[in-house]
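Student: This is the structure, below, for whatever I ask next.
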Amino acid sequence: MDMIVDMAKVMPKGQITIPKEIRDKLGVGPGDKVMVIWDGERVSMMNPAVYAMQWLSKELEGEAEKVGLGTEEEVITFCKKIRKEVGERRRNANPD
């Protein structure tokens with residue numbers, strides 16, 4: 001695991017500057033938001049999109065099997081089918 005250790009100073013309004021090397025690893029820049037997580041022991045920062053995907057993955061773990069999708073290929077096929085159906089409904093609802 002890549003580990004970067006650096007220091008940041010807390011300013012009077014609670015702001016900190018995230019060291020550039022860490023900003024680069026997070027993939028964030030000026031104006032972007034970061035997810036700040038306190039786990040009772042330490043604070044960590046994540047790109048919010050990555051955090052959301054990890055949370056969603058954890059929450060949905062085992063759900064595919066409950067509806068009879070046993071393999072990753074079956075899940076992908078199912079998702080493609082749903083996307084196609086949604087696209088068709090949108091086209092039918094807005095026939096230009």
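Identifiers for the structure tokens are assigned positionally: chains receive A, B, ... in sequence, residues are indexed from 1 per chain, and ligands are indexed from 1 in the order shown.
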With a distance cut-off of 10 Å and only C-alpha atoms, select the neighbouring residues of region 34-39 of chain A, excluding the residue or stretch itself and same-chain residues fewer than 6 positions from it, and output the selection as a ChimeraX atom specification.
Tutor: /A:23,26-28,45-52
Student: Counting only C-alpha atoms, which residue out of A:Ile22, A:Lys9, A:Lys66, A:Glu72 sits closest to Ser44 (chain A)?
Tutor: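 When distances to Ser44 (chain A) are compared using only C-alpha atoms, the smallest one comes from A:Ile22.
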